[in-house]
file coords16.pdb (PDB, N, CA, C and O atoms)
ATOM      1  N   MET A 130      -1.493   4.665   4.969
ATOM      2  CA  MET A 130      -0.520   3.614   4.811
ATOM      3  C   MET A 130      -0.927   2.418   5.665
ATOM      4  O   MET A 130      -1.283   2.581   6.820
ATOM      5  N   PRO A 131      -0.860   1.254   5.089
ATOM      6  CA  PRO A 131      -1.194   0.070   5.886
ATOM      7  C   PRO A 131      -0.137  -0.194   6.946
ATOM      8  O   PRO A 131       1.056  -0.079   6.686
ATOM      9  N   SER A 132      -0.582  -0.519   8.130
ATOM     10  CA  SER A 132       0.373  -0.801   9.208
ATOM     11  C   SER A 132       0.927  -2.218   9.115
ATOM     12  O   SER A 132       1.950  -2.514   9.708
ATOM     13  N   ALA A 133       0.251  -3.084   8.390
ATOM     14  CA  ALA A 133       0.698  -4.467   8.237
ATOM     15  C   ALA A 133       0.575  -4.876   6.768
ATOM     16  O   ALA A 133      -0.332  -5.625   6.401
ATOM     17  N   PRO A 134       1.481  -4.392   5.912
ATOM     18  CA  PRO A 134       1.336  -4.666   4.481
ATOM     19  C   PRO A 134       1.379  -6.149   4.116
ATOM     20  O   PRO A 134       0.652  -6.576   3.218
ATOM     21  N   LEU A 135       2.191  -6.936   4.813
ATOM     22  CA  LEU A 135       2.244  -8.370   4.499
ATOM     23  C   LEU A 135       0.918  -9.061   4.788
ATOM     24  O   LEU A 135       0.497  -9.949   4.053
ATOM     25  N   TRP A 136       0.254  -8.620   5.856
ATOM     26  CA  TRP A 136      -1.047  -9.183   6.195
ATOM     27  C   TRP A 136      -2.048  -8.891   5.079
ATOM     28  O   TRP A 136      -2.827  -9.757   4.680
ATOM     29  N   HIS A 137      -2.008  -7.666   4.559
ATOM     30  CA  HIS A 137      -2.912  -7.297   3.469
ATOM     31  C   HIS A 137      -2.571  -8.061   2.188
ATOM     32  O   HIS A 137      -3.464  -8.455   1.440
ATOM     33  N   MET A 138      -1.291  -8.286   1.941
ATOM     34  CA  MET A 138      -0.892  -9.071   0.767
ATOM     35  C   MET A 138      -1.427 -10.496   0.863
ATOM     36  O   MET A 138      -1.881 -11.062  -0.132
ATOM     37  N   GLU A 139      -1.368 -11.063   2.060
ATOM     38  CA  GLU A 139      -1.897 -12.411   2.263
ATOM     39  C   GLU A 139      -3.406 -12.445   2.047
ATOM     40  O   GLU A 139      -3.925 -13.377   1.449
ATOM     41  N   LYS A 140      -4.112 -11.416   2.531
ATOM     42  CA  LYS A 140      -5.561 -11.364   2.347
ATOM     43  C   LYS A 140      -5.914 -11.311   0.863
ATOM     44  O   LYS A 140      -6.885 -11.928   0.428
ATOM     45  N   VAL A 141      -5.119 -10.576   0.095
ATOM     46  CA  VAL A 141      -5.360 -10.508  -1.349
ATOM     47  C   VAL A 141      -5.092 -11.863  -1.988
ATOM     48  O   VAL A 141      -5.894 -12.361  -2.788
ATOM     49  N   ALA A 142      -3.974 -12.486  -1.635
ATOM     50  CA  ALA A 142      -3.584 -13.757  -2.244
ATOM     51  C   ALA A 142      -4.514 -14.900  -1.868
ATOM     52  O   ALA A 142      -4.881 -15.716  -2.710
ATOM     53  N   ILE A 143      -4.909 -14.963  -0.609
ATOM     54  CA  ILE A 143      -5.698 -16.105  -0.130
ATOM     55  C   ILE A 143      -7.199 -15.876  -0.297
ATOM     56  O   ILE A 143      -7.920 -16.754  -0.770
ATOM     57  N   PHE A 144      -7.661 -14.686   0.086
ATOM     58  CA  PHE A 144      -9.105 -14.427   0.108
ATOM     59  C   PHE A 144      -9.584 -13.536  -1.032
ATOM     60  O   PHE A 144     -10.773 -13.230  -1.113
ATOM     61  N   ASN A 145      -8.648 -13.082  -1.877
ATOM     62  CA  ASN A 145      -8.992 -12.203  -2.996
ATOM     63  C   ASN A 145      -9.725 -10.959  -2.485
ATOM     64  O   ASN A 145     -10.740 -10.541  -3.047
ATOM     65  N   SER A 146      -9.202 -10.366  -1.414
ATOM     66  CA  SER A 146      -9.827  -9.220  -0.758
ATOM     67  C   SER A 146      -9.620  -7.944  -1.572
ATOM     68  O   SER A 146      -8.506  -7.447  -1.710
ATOM     69  N   LYS A 147     -10.710  -7.411  -2.098
ATOM     70  CA  LYS A 147     -10.635  -6.173  -2.873
ATOM     71  C   LYS A 147     -10.256  -4.993  -1.976
ATOM     72  O   LYS A 147      -9.520  -4.106  -2.388
ATOM     73  N   GLU A 148     -10.755  -4.985  -0.750
ATOM     74  CA  GLU A 148     -10.457  -3.895   0.186
ATOM     75  C   GLU A 148      -8.952  -3.809   0.462
ATOM     76  O   GLU A 148      -8.373  -2.729   0.422
ATOM     77  N   SER A 149      -8.318  -4.938   0.714
ATOM     78  CA  SER A 149      -6.878  -4.954   0.967
ATOM     79  C   SER A 149      -6.100  -4.601  -0.294
ATOM     80  O   SER A 149      -5.109  -3.882  -0.242
ATOM     81  N   PHE A 150      -6.565  -5.093  -1.437
ATOM     82  CA  PHE A 150      -5.908  -4.769  -2.700
ATOM     83  C   PHE A 150      -5.949  -3.270  -2.952
ATOM     84  O   PHE A 150      -4.935  -2.658  -3.309
ATOM     85  N   ASP A 151      -7.110  -2.660  -2.763
ATOM     86  CA  ASP A 151      -7.249  -1.221  -2.985
ATOM     87  C   ASP A 151      -6.356  -0.421  -2.038
ATOM     88  O   ASP A 151      -5.743   0.565  -2.442
ATOM     89  N   LEU A 152      -6.277  -0.849  -0.791
ATOM     90  CA  LEU A 152      -5.421  -0.173   0.181
ATOM     91  C   LEU A 152      -3.957  -0.235  -0.248
ATOM     92  O   LEU A 152      -3.251   0.781  -0.242
ATOM     93  N   LEU A 153      -3.503  -1.408  -0.647
ATOM     94  CA  LEU A 153      -2.117  -1.566  -1.097
ATOM     95  C   LEU A 153      -1.855  -0.761  -2.370
ATOM     96  O   LEU A 153      -0.831  -0.094  -2.491
ATOM     97  N   GLN A 154      -2.794  -0.806  -3.326
ATOM     98  CA  GLN A 154      -2.611  -0.086  -4.585
ATOM     99  C   GLN A 154      -2.567   1.416  -4.362
ATOM    100  O   GLN A 154      -1.746   2.121  -4.951
ATOM    101  N   ASN A 155      -3.424   1.932  -3.495
ATOM    102  CA  ASN A 155      -3.410   3.369  -3.187
ATOM    103  C   ASN A 155      -2.100   3.777  -2.524
ATOM    104  O   ASN A 155      -1.572   4.861  -2.786
ATOM    105  N   THR A 156      -1.575   2.926  -1.663
ATOM    106  CA  THR A 156      -0.295   3.200  -1.016
ATOM    107  C   THR A 156       0.831   3.228  -2.036
ATOM    108  O   THR A 156       1.683   4.125  -2.018
ATOM    109  N   ILE A 157       0.837   2.278  -2.951
ATOM    110  CA  ILE A 157       1.861   2.232  -4.001
ATOM    111  C   ILE A 157       1.771   3.477  -4.881
ATOM    112  O   ILE A 157       2.784   4.112  -5.186
ATOM    113  N   ASP A 158       0.552   3.849  -5.268
ATOM    114  CA  ASP A 158       0.364   5.043  -6.096
ATOM    115  C   ASP A 158       0.868   6.297  -5.385
ATOM    116  O   ASP A 158       1.513   7.154  -5.994
ATOM    117  N   TYR A 159       0.572   6.405  -4.099
ATOM    118  CA  TYR A 159       1.023   7.549  -3.303
ATOM    119  C   TYR A 159       2.553   7.618  -3.266
ATOM    120  O   TYR A 159       3.143   8.677  -3.464
ATOM    121  N   LEU A 160       3.192   6.486  -3.020
ATOM    122  CA  LEU A 160       4.655   6.460  -2.941
ATOM    123  C   LEU A 160       5.298   6.767  -4.293
ATOM    124  O   LEU A 160       6.334   7.436  -4.358
ATOM    125  N   ILE A 161       4.684   6.319  -5.376
ATOM    126  CA  ILE A 161       5.204   6.626  -6.711
ATOM    127  C   ILE A 161       5.130   8.131  -6.964
ATOM    128  O   ILE A 161       6.089   8.743  -7.439
ATOM    129  N   CYS A 162       3.997   8.729  -6.647
ATOM    130  CA  CYS A 162       3.854  10.187  -6.827
ATOM    131  C   CYS A 162       4.855  10.950  -5.975
ATOM    132  O   CYS A 162       5.458  11.918  -6.431
ATOM    133  N   LYS A 163       5.035  10.513  -4.755
ATOM    134  CA  LYS A 163       5.982  11.165  -3.849
ATOM    135  C   LYS A 163       7.399  11.060  -4.409
ATOM    136  O   LYS A 163       8.161  12.024  -4.377
ATOM    137  N   GLY A 164       7.751   9.914  -4.959
ATOM    138  CA  GLY A 164       9.074   9.728  -5.550
ATOM    139  C   GLY A 164       9.273  10.587  -6.781
ATOM    140  O   GLY A 164      10.349  11.154  -6.998
ATOM    141  N   LYS A 165       8.246  10.711  -7.605
ATOM    142  CA  LYS A 165       8.347  11.536  -8.818
ATOM    143  C   LYS A 165       8.532  13.011  -8.488
ATOM    144  O   LYS A 165       9.108  13.752  -9.273
ATOM    145  N   LEU A 166       8.026  13.436  -7.326
ATOM    146  CA  LEU A 166       8.172  14.826  -6.908
ATOM    147  C   LEU A 166       9.446  15.063  -6.105
ATOM    148  O   LEU A 166       9.656  16.143  -5.573
ATOM    149  N   ASP A 167      10.306  14.035  -6.027
ATOM    150  CA  ASP A 167      11.559  14.105  -5.270
ATOM    151  C   ASP A 167      11.349  14.464  -3.805
ATOM    152  O   ASP A 167      12.164  15.161  -3.210
ATOM    153  N   ARG A 168      10.273  13.988  -3.241
ATOM    154  CA  ARG A 168      10.014  14.218  -1.824
ATOM    155  C   ARG A 168      10.724  13.134  -1.015
ATOM    156  O   ARG A 168      10.831  11.994  -1.443
ATOM    157  N   ALA A 169      11.176  13.489   0.141
ATOM    158  CA  ALA A 169      11.893  12.538   0.997
ATOM    159  C   ALA A 169      10.930  11.522   1.606
ATOM    160  O   ALA A 169       9.794  11.821   1.936
ATOM    161  N   PHE A 170      11.406  10.296   1.699
ATOM    162  CA  PHE A 170      10.643   9.244   2.363
ATOM    163  C   PHE A 170      11.058   9.205   3.828
ATOM    164  O   PHE A 170      12.231   9.318   4.152
ATOM    165  N   THR A 171      10.069   9.058   4.701
ATOM    166  CA  THR A 171      10.352   8.984   6.132
ATOM    167  C   THR A 171       9.968   7.599   6.638
ATOM    168  O   THR A 171       9.346   6.816   5.927
ATOM    169  N   LYS A 172      10.318   7.325   7.876
ATOM    170  CA  LYS A 172       9.953   6.048   8.487
ATOM    171  C   LYS A 172       8.451   5.867   8.543
ATOM    172  O   LYS A 172       7.933   4.786   8.394
ATOM    173  N   ASN A 173       7.747   6.944   8.780
ATOM    174  CA  ASN A 173       6.282   6.882   8.904
ATOM    175  C   ASN A 173       5.665   6.739   7.547
ATOM    176  O   ASN A 173       4.597   6.387   7.336
TER     177      ASN A 173
END
call {"tool": "encode", "arguments": {"input": "coords16.pdb", "output": "structure tokens"}}
result
Amino acid sequence: MPSAPLWHMEKVAIFNSKESFDLLQNTIDYLICKGKLDRAFTKN
């Protein structure tokens, strides 16, 4: 999970950073899978 998601979003928007985009996309995919399995979300 990215510790600074807004920073990574800015890197994607301003610098077209593939590394930051991939990190954010993997995090989103993970959270979607976790939600589909009815797993609880924690602060971490």
call {"tool": "select_by_dssp", "arguments": {"input": "coords16.pdb", "residues": "chain A", "states": "helix (DSSP H, G or I)", "output": "ChimeraX atom specification"}}
result
/A:134-144,147-165
call {"tool": "closest_residue", "arguments": {"input": "coords16.pdb", "among": "A:Phe150, A:Lys172, A:Asp167, A:Leu160", "to": "His137 (chain A)", "atoms": "only N, CA, C and O atoms"}}
result
A:Phe150
call {"tool": "atom_distance", "arguments": {"input": "coords16.pdb", "atom1": "CA of Lys140 (chain A)", "atom2": "CA of Gly164 (chain A)"}}
result
26.9 Å
call {"tool": "residues_around", "arguments": {"input": "coords16.pdb", "residues": "Ser149 (chain A)", "least_positions_apart": "2", "cutoff": "8 Å", "atoms": "all atoms listed in the file", "output": "PyMOL selection string"}}
result
chain A and resi 134+136-138+140-141+145-147+151-156
call {"tool": "atom_distance", "arguments": {"input": "coords16.pdb", "atom1": "CA of Asn173 (chain A)", "atom2": "CA of Ala142 (chain A)"}}
result
25.4 Å
call {"tool": "axis_aligned_box", "arguments": {"input": "coords16.pdb", "around": "region 141-157 of chain A", "padding_each_side": "4 Å", "output": "AutoDock Vina command-line options"}}
result
--center_x -4.0 --center_y -5.9 --center_z -2.1 --size_x 21.6 --size_y 29.6 --size_z 14.2
call {"tool": "atom_distance", "arguments": {"input": "coords16.pdb", "atom1": "atom O of Cys162 (chain A)", "atom2": "atom O of Ser132 (chain A)"}}
result
21.9 Å
call {"tool": "decode", "arguments": {"input": "coords16.pdb", "residues": "region 145-173 of chain A", "atoms": "N, CA and C atoms", "output": "PDB file, in the first residue's frame"}}
result
ATOM      1  N   ASN A 145       3.537  11.615 -15.560  1.00  0.00           N
ATOM      2  CA  ASN A 145       3.128  10.404 -16.274  1.00  0.00           C
ATOM      3  C   ASN A 145       3.962   9.208 -15.807  1.00  0.00           C
ATOM      4  N   SER A 146       4.127   9.084 -14.491  1.00  0.00           N
ATOM      5  CA  SER A 146       4.961   8.045 -13.892  1.00  0.00           C
ATOM      6  C   SER A 146       4.261   6.688 -13.937  1.00  0.00           C
ATOM      7  N   LYS A 147       4.820   5.775 -14.715  1.00  0.00           N
ATOM      8  CA  LYS A 147       4.251   4.431 -14.813  1.00  0.00           C
ATOM      9  C   LYS A 147       4.405   3.678 -13.490  1.00  0.00           C
ATOM     10  N   GLU A 148       5.521   3.884 -12.808  1.00  0.00           N
ATOM     11  CA  GLU A 148       5.768   3.206 -11.531  1.00  0.00           C
ATOM     12  C   GLU A 148       4.699   3.578 -10.498  1.00  0.00           C
ATOM     13  N   SER A 149       4.382   4.854 -10.390  1.00  0.00           N
ATOM     14  CA  SER A 149       3.357   5.300  -9.447  1.00  0.00           C
ATOM     15  C   SER A 149       1.977   4.819  -9.876  1.00  0.00           C
ATOM     16  N   PHE A 150       1.717   4.844 -11.179  1.00  0.00           N
ATOM     17  CA  PHE A 150       0.436   4.359 -11.684  1.00  0.00           C
ATOM     18  C   PHE A 150       0.252   2.888 -11.345  1.00  0.00           C
ATOM     19  N   ASP A 151       1.278   2.083 -11.583  1.00  0.00           N
ATOM     20  CA  ASP A 151       1.194   0.652 -11.295  1.00  0.00           C
ATOM     21  C   ASP A 151       0.978   0.395  -9.804  1.00  0.00           C
ATOM     22  N   LEU A 152       1.655   1.155  -8.964  1.00  0.00           N
ATOM     23  CA  LEU A 152       1.489   1.010  -7.520  1.00  0.00           C
ATOM     24  C   LEU A 152       0.052   1.316  -7.105  1.00  0.00           C
ATOM     25  N   LEU A 153      -0.493   2.408  -7.607  1.00  0.00           N
ATOM     26  CA  LEU A 153      -1.874   2.777  -7.284  1.00  0.00           C
ATOM     27  C   LEU A 153      -2.862   1.745  -7.826  1.00  0.00           C
ATOM     28  N   GLN A 154      -2.649   1.288  -9.068  1.00  0.00           N
ATOM     29  CA  GLN A 154      -3.561   0.318  -9.673  1.00  0.00           C
ATOM     30  C   GLN A 154      -3.539  -1.003  -8.923  1.00  0.00           C
ATOM     31  N   ASN A 155      -2.364  -1.457  -8.516  1.00  0.00           N
ATOM     32  CA  ASN A 155      -2.265  -2.702  -7.742  1.00  0.00           C
ATOM     33  C   ASN A 155      -2.967  -2.570  -6.396  1.00  0.00           C
ATOM     34  N   THR A 156      -2.856  -1.412  -5.774  1.00  0.00           N
ATOM     35  CA  THR A 156      -3.537  -1.167  -4.506  1.00  0.00           C
ATOM     36  C   THR A 156      -5.045  -1.193  -4.688  1.00  0.00           C
ATOM     37  N   ILE A 157      -5.534  -0.562  -5.738  1.00  0.00           N
ATOM     38  CA  ILE A 157      -6.974  -0.553  -6.024  1.00  0.00           C
ATOM     39  C   ILE A 157      -7.468  -1.974  -6.287  1.00  0.00           C
ATOM     40  N   ASP A 158      -6.718  -2.731  -7.085  1.00  0.00           N
ATOM     41  CA  ASP A 158      -7.101  -4.114  -7.378  1.00  0.00           C
ATOM     42  C   ASP A 158      -7.159  -4.956  -6.105  1.00  0.00           C
ATOM     43  N   TYR A 159      -6.179  -4.776  -5.233  1.00  0.00           N
ATOM     44  CA  TYR A 159      -6.140  -5.504  -3.964  1.00  0.00           C
ATOM     45  C   TYR A 159      -7.367  -5.175  -3.107  1.00  0.00           C
ATOM     46  N   LEU A 160      -7.691  -3.898  -3.002  1.00  0.00           N
ATOM     47  CA  LEU A 160      -8.836  -3.486  -2.184  1.00  0.00           C
ATOM     48  C   LEU A 160     -10.156  -3.982  -2.771  1.00  0.00           C
ATOM     49  N   ILE A 161     -10.261  -4.019  -4.090  1.00  0.00           N
ATOM     50  CA  ILE A 161     -11.472  -4.542  -4.728  1.00  0.00           C
ATOM     51  C   ILE A 161     -11.629  -6.027  -4.405  1.00  0.00           C
ATOM     52  N   CYS A 162     -10.553  -6.778  -4.535  1.00  0.00           N
ATOM     53  CA  CYS A 162     -10.609  -8.216  -4.210  1.00  0.00           C
ATOM     54  C   CYS A 162     -10.966  -8.439  -2.749  1.00  0.00           C
ATOM     55  N   LYS A 163     -10.387  -7.652  -1.880  1.00  0.00           N
ATOM     56  CA  LYS A 163     -10.664  -7.770  -0.447  1.00  0.00           C
ATOM     57  C   LYS A 163     -12.137  -7.473  -0.173  1.00  0.00           C
ATOM     58  N   GLY A 164     -12.687  -6.472  -0.834  1.00  0.00           N
ATOM     59  CA  GLY A 164     -14.097  -6.132  -0.662  1.00  0.00           C
ATOM     60  C   GLY A 164     -15.013  -7.219  -1.186  1.00  0.00           C
ATOM     61  N   LYS A 165     -14.660  -7.818  -2.311  1.00  0.00           N
ATOM     62  CA  LYS A 165     -15.483  -8.893  -2.884  1.00  0.00           C
ATOM     63  C   LYS A 165     -15.513 -10.125  -1.989  1.00  0.00           C
ATOM     64  N   LEU A 166     -14.448 -10.325  -1.204  1.00  0.00           N
ATOM     65  CA  LEU A 166     -14.391 -11.464  -0.294  1.00  0.00           C
ATOM     66  C   LEU A 166     -14.974 -11.143   1.077  1.00  0.00           C
ATOM     67  N   ASP A 167     -15.581  -9.952   1.208  1.00  0.00           N
ATOM     68  CA  ASP A 167     -16.166  -9.495   2.471  1.00  0.00           C
ATOM     69  C   ASP A 167     -15.164  -9.476   3.618  1.00  0.00           C
ATOM     70  N   ARG A 168     -13.939  -9.149   3.311  1.00  0.00           N
ATOM     71  CA  ARG A 168     -12.919  -9.035   4.348  1.00  0.00           C
ATOM     72  C   ARG A 168     -12.977  -7.628   4.940  1.00  0.00           C
ATOM     73  N   ALA A 169     -12.693  -7.526   6.195  1.00  0.00           N
ATOM     74  CA  ALA A 169     -12.736  -6.227   6.877  1.00  0.00           C
ATOM     75  C   ALA A 169     -11.552  -5.358   6.464  1.00  0.00           C
ATOM     76  N   PHE A 170     -11.827  -4.075   6.331  1.00  0.00           N
ATOM     77  CA  PHE A 170     -10.771  -3.106   6.053  1.00  0.00           C
ATOM     78  C   PHE A 170     -10.260  -2.563   7.380  1.00  0.00           C
ATOM     79  N   THR A 171      -8.942  -2.433   7.477  1.00  0.00           N
ATOM     80  CA  THR A 171      -8.341  -1.898   8.696  1.00  0.00           C
ATOM     81  C   THR A 171      -7.670  -0.569   8.371  1.00  0.00           C
ATOM     82  N   LYS A 172      -7.225   0.114   9.403  1.00  0.00           N
ATOM     83  CA  LYS A 172      -6.514   1.376   9.209  1.00  0.00           C
ATOM     84  C   LYS A 172      -5.250   1.184   8.399  1.00  0.00           C
ATOM     85  N   ASN A 173      -4.590   0.073   8.609  1.00  0.00           N
ATOM     86  CA  ASN A 173      -3.323  -0.201   7.914  1.00  0.00           C
ATOM     87  C   ASN A 173      -3.599  -0.597   6.496  1.00  0.00           C
TER      88      ASN A 173
END
